[in-house]
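**Student:** Dropping the structure in here first, questions after.
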Amino acid sequence: MLRFFSLALALLVVAGLNAALLAPAKAQLRVDVQQGFFEPLPIALPSFADPDTFGIGRELADVIAADLESSGLFRPVSRDAYIQDAASLARGPRFGDWRLIDAQLLVSGRIARAGAGRFRAEFRLYDTLSESQMQALAFTGNANEWRRIAHLIADRIYARVLGEDGYFDSRIVYVAESGQQGAPNKRLAIMDSDGHGHRFLTDGSFLVLTPRFSPDGTRLVYLSFAGGLPRVHLYDLRTRRETLLGDFPGLSFAPRFSPDGSEVIMSLAREGNTDIYRMNLRTQQLTRLTNHPAIDTSPDFSPDGKSVVFNSDRGGTQQIYMMESDGSAVRRLSFGIGRYATPVWSPRGDLLAFTRIHKGVFYVGVMRKDGSGERMLSRGFSVEAPTWSPNGRVLLFFKEERATNDGYQKSRLYSIDVSGYNERQLPTPLEASDPAWSPLNP
């Protein structure tokens, strides 16, 4: 999904946002967070020095701190506890002062002018225990895009400390819900990964469901009831143009892009039978992958494009299956109790997320790609539609509560670490469902 930058910043994005190395960084701290519970790392994030009075020094540091804290892997130290002031920090950190307040990591930053309406944000990351600099970078952009610069800095700090890519410079699309019980209004909405920059993509004149991003983040594929029939549509985020994906007989639903973005895989219901097809977006040629009297749906390509997972009731109950991308070698993956649905590959290719329903309780869980190692991460009255962060570390999904006596049913987005810790609600202005996480912004 593309942010509509001014031309100047767009050129900087193409050029890599001028991520200039300020000084050689020494490699000290590296943390392993792959196993179980992790005690968050205390980090100090003073306001960025802002001598040219852009007025965003504190706000920039606040967004970085909020990003890192939301991961559950960092704990920002209260600024009320700081001993060293900003003026002396600009000349270099007094590491002992930061150790006294239990700040293992320290970020020192500065904002400077970089031409008309543009600024340069520099930051240095320190390990206070070894009294050494870990990282030093600068980003240049337009002043009105300072929040994206903050997300990029948070991503770099996350990656340097944890040894895996960050995910803050990304977006989330979801279905915003309003209206009365029995007459819902469902619109596509999009926002930054932290809930800011919210805007609607459709006007609510027709229902929409299951939006999914293209691999480059510039397009969406989703189910739309425009015209009265559920059909798969494409939405171009650059032009804001919506088009019907194929005008063929039968109902189409549950769409997802292939890893290279050249195809869409989906379910088609024809003559009372629901199977999985893939469509070439250039030629709109359909290739049938399953041919079974059962309901085969919710397909998703593996990151390498070689395999497809889907759910089917061909074994008598709804379960997760895998097949090769040409439809061959179908095998069952899930064997736990209950019904399984909406399998989705991790971007890393090592795990599958899914929904499980047992005795009226919904779960979101993960399993290895061979079906082993099943773990439940969250549960509730209705917990559905898991989607992965770009780095495969965090899952986003939605929860519905039981309807109240007046028919009101609350539906909200939540995230959780793949370890099963740090479940958080993501703020949205309306009720929310069917989220999809974008790749990192280009």
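So you can find residues: chains in the structure tokens are A, B, ... in the order shown, residues in each start at 1, and ligands are numbered from 1 in order.
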Need to verify the contact set: Leu41 in chain A, 10 Å, only C-alpha atoms, exclusion of same-chain residues closer than 5 positions in sequence. Can you return it as a list in words?

**Tutor:**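 So the residues in contact are Val31, Leu68, Glu69, Gly72, Leu73, Phe74, Arg75, Pro76, Val77, Asp102, Ala103, Gln104, Leu105 and Val161 of chain A.
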
**Student:** So which bits of range 280-341 of chain A end up strand (DSSP E or B) when you DSSP the backbone, as a VMD selection string?

**Tutor:** chain A and resid 280 286 to 288 296 to 301 307 to 312 319 to 324 331 to 332 339 to 341

**Student:** Work out how far CA of Ile111 in chain A is from CA of Asn142 in chain A, in Å to one decimal.

**Tutor:**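 Those two atoms sit 12.0 Å apart.
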
**Student:** Env of Arg282 in chain A: 12 Å cut, atoms = only C-alpha atoms, seq-sep filter 6 positions within chain, self excluded. Answer as a VMD selection string.

**Tutor:** chain A and resid 245 to 246 261 to 264

**Student:** Give me the range 170-218 of chain A side of the contact with range 423-436 of chain A, cut-off 6 Å, one line per residue showing its nearest atom pair and distance in Å at one decimal, counting only C-alpha atoms, sorted by chain and residue number, as a Markdown table.

**Tutor:**
```
| residue | atom | partner | partner_atom | distance |
| --- | --- | --- | --- | --- |
| A:Ile172 | CA | A:Ala436 | CA | 5.7 |
| A:Val173 | CA | A:Ala436 | CA | 5.4 |
| A:Tyr174 | CA | A:Pro435 | CA | 4.1 |
| A:Val175 | CA | A:Ser433 | CA | 5.2 |
| A:Ala176 | CA | A:Ala432 | CA | 4.8 |
| A:Glu177 | CA | A:Glu431 | CA | 4.9 |
| A:Thr210 | CA | A:Asp434 | CA | 5.5 |
| A:Arg212 | CA | A:Ala436 | CA | 5.6 |
```

**Student:** As an exercise, work out the distance from CA of Arg256 in chain A to CA of Leu333 in chain A in Å and give it to one decimal place.

**Tutor:**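 That distance, rounded to one decimal, is 20.3 Å.
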
**Student:** I need the residues in range 135-359 of chain A that are alpha helix (DSSP H) according to DSSP; give them as a list in words.

**Tutor:**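 Answer for range 135-359 of chain A restricted to alpha helix (DSSP H) is Trp146, Arg147, Arg148, Ile149, Ala150, His151, Leu152, Ile153, Ala154, Asp155, Arg156, Ile157, Tyr158, Ala159, Arg160, Val161 and Leu162 of chain A.
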
**Student:** Determine the nearest neighbour of Ser419 in chain A from the options A:Ser71, A:Asn291, A:Lys369, A:Ser328, counting only C-alpha atoms.

**Tutor:**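 Counting only C-alpha atoms, the residue closest to Ser419 in chain A is A:Ser71.
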
**Student:** Go through A:Tyr340, A:Tyr158, A:Phe38, A:Tyr235 and flag the residue nearest Phe310 in chain A, using only C-alpha atoms for the distances.

**Tutor:**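 Closest candidate: A:Tyr340.
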
**Student:** Using only C-alpha atoms for the distances, tell me which of A:Ala87, A:Leu106, A:Arg402, A:Ile101 is nearest to Ala44 in chain A.

**Tutor:**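 Closest to Ala44 in chain A of all the choices is A:Leu106.
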
**Student:** Can you list, as a ChimeraX atom specification, every protein, DNA or RNA residue that comes within 6 Å of range 107-110 of chain A when you count only C-alpha atoms, leaving out same-chain residues fewer than 5 positions away?

**Tutor:** /A:45,48-49,121-125

**Student:** Would you mind exporting C-alpha atoms of the selected residues as a PDB file, in the first residue's frame?

**Tutor:**
```pdb
ATOM      1  CA  LEU A  45      14.273   7.739  24.282  1.00  0.00           C
ATOM      2  CA  PHE A  48      15.157  14.605  19.621  1.00  0.00           C
ATOM      3  CA  ALA A  49      17.079  17.864  19.725  1.00  0.00           C
ATOM      4  CA  ALA A 121      16.518  13.074  11.520  1.00  0.00           C
ATOM      5  CA  GLU A 122      19.715  11.604  12.942  1.00  0.00           C
ATOM      6  CA  PHE A 123      19.850   9.052  15.726  1.00  0.00           C
ATOM      7  CA  ARG A 124      22.453   7.086  17.641  1.00  0.00           C
ATOM      8  CA  LEU A 125      21.750   3.905  19.566  1.00  0.00           C
TER       9      LEU A 125
END
```

**Student:** Report as a tab-separated table (two decimals) with C-alpha atoms, in the first residue's frame all protein, DNA and RNA residues lying within 7 Å of Leu351 in chain A, evaluated on only C-alpha atoms, omitting residues in the same chain fewer than 3 positions from it.

**Tutor:**
```tsv
chain	number	residue	atom	x	y	z
A	345	TRP	CA	1.43	-18.86	5.79
A	346	SER	CA	3.96	-16.93	7.82
A	366	VAL	CA	-0.15	-21.69	14.85
A	367	MET	CA	1.39	-24.94	13.67
A	368	ARG	CA	4.47	-25.94	11.73
A	369	LYS	CA	4.07	-26.34	7.99
```

**Student:** Distance table requested - range 32-125 of chain A against range 147-151 of chain A, cut-off 9 Å, only C-alpha atoms: one row per qualifying residue with the closest atom pair and its distance in Å to one decimal, ordered by chain and rising residue number, as JSON lines.

**Tutor:**
```
{"residue": "A:Glu59", "atom": "CA", "partner": "A:Arg147", "partner_atom": "CA", "distance": 8.5}
{"residue": "A:Leu60", "atom": "CA", "partner": "A:Ala150", "partner_atom": "CA", "distance": 5.6}
{"residue": "A:Ala61", "atom": "CA", "partner": "A:Ala150", "partner_atom": "CA", "distance": 7.3}
{"residue": "A:Asp62", "atom": "CA", "partner": "A:Ala150", "partner_atom": "CA", "distance": 8.7}
{"residue": "A:Val63", "atom": "CA", "partner": "A:Ala150", "partner_atom": "CA", "distance": 6.1}
{"residue": "A:Ile64", "atom": "CA", "partner": "A:Ala150", "partner_atom": "CA", "distance": 5.5}
{"residue": "A:Asp67", "atom": "CA", "partner": "A:His151", "partner_atom": "CA", "distance": 7.2}
{"residue": "A:Ala121", "atom": "CA", "partner": "A:Ile149", "partner_atom": "CA", "distance": 7.8}
```

**Student:** Compile the contact shell of Arg288 in chain A as a compact mmCIF listing (two decimals) with C-alpha atoms, in the first residue's frame: residues with an atom at most 12 Å away, counting only C-alpha atoms, same-chain residues fewer than 6 positions apart removed.

**Tutor:**
```txt
# COMPACT_ATOMS: atom_id res chain seq x y z
CA ILE A 265 -5.98 -17.77 -5.92
CA MET A 266 -9.62 -18.03 -4.84
CA SER A 267 -12.67 -20.23 -4.44
CA LEU A 268 -15.33 -20.46 -7.12
CA ALA A 269 -18.80 -21.92 -6.51
CA ARG A 270 -20.15 -23.45 -9.70
CA THR A 274 -16.91 -25.06 -4.44
CA ASP A 275 -13.32 -25.57 -5.59
CA ILE A 276 -10.05 -23.65 -5.68
CA TYR A 277 -8.82 -21.88 -8.80
CA ARG A 278 -5.91 -19.67 -9.67
CA MET A 279 -6.25 -16.78 -12.12
CA ASN A 280 -3.56 -15.15 -14.21
CA ASP A 296 -12.58 -26.29 -0.66
CA SER A 325 0.68 -25.30 -6.45
CA ASP A 326 -0.60 -27.33 -9.42
CA GLY A 327 -3.22 -29.06 -7.24
CA SER A 328 -1.36 -32.36 -6.83
```
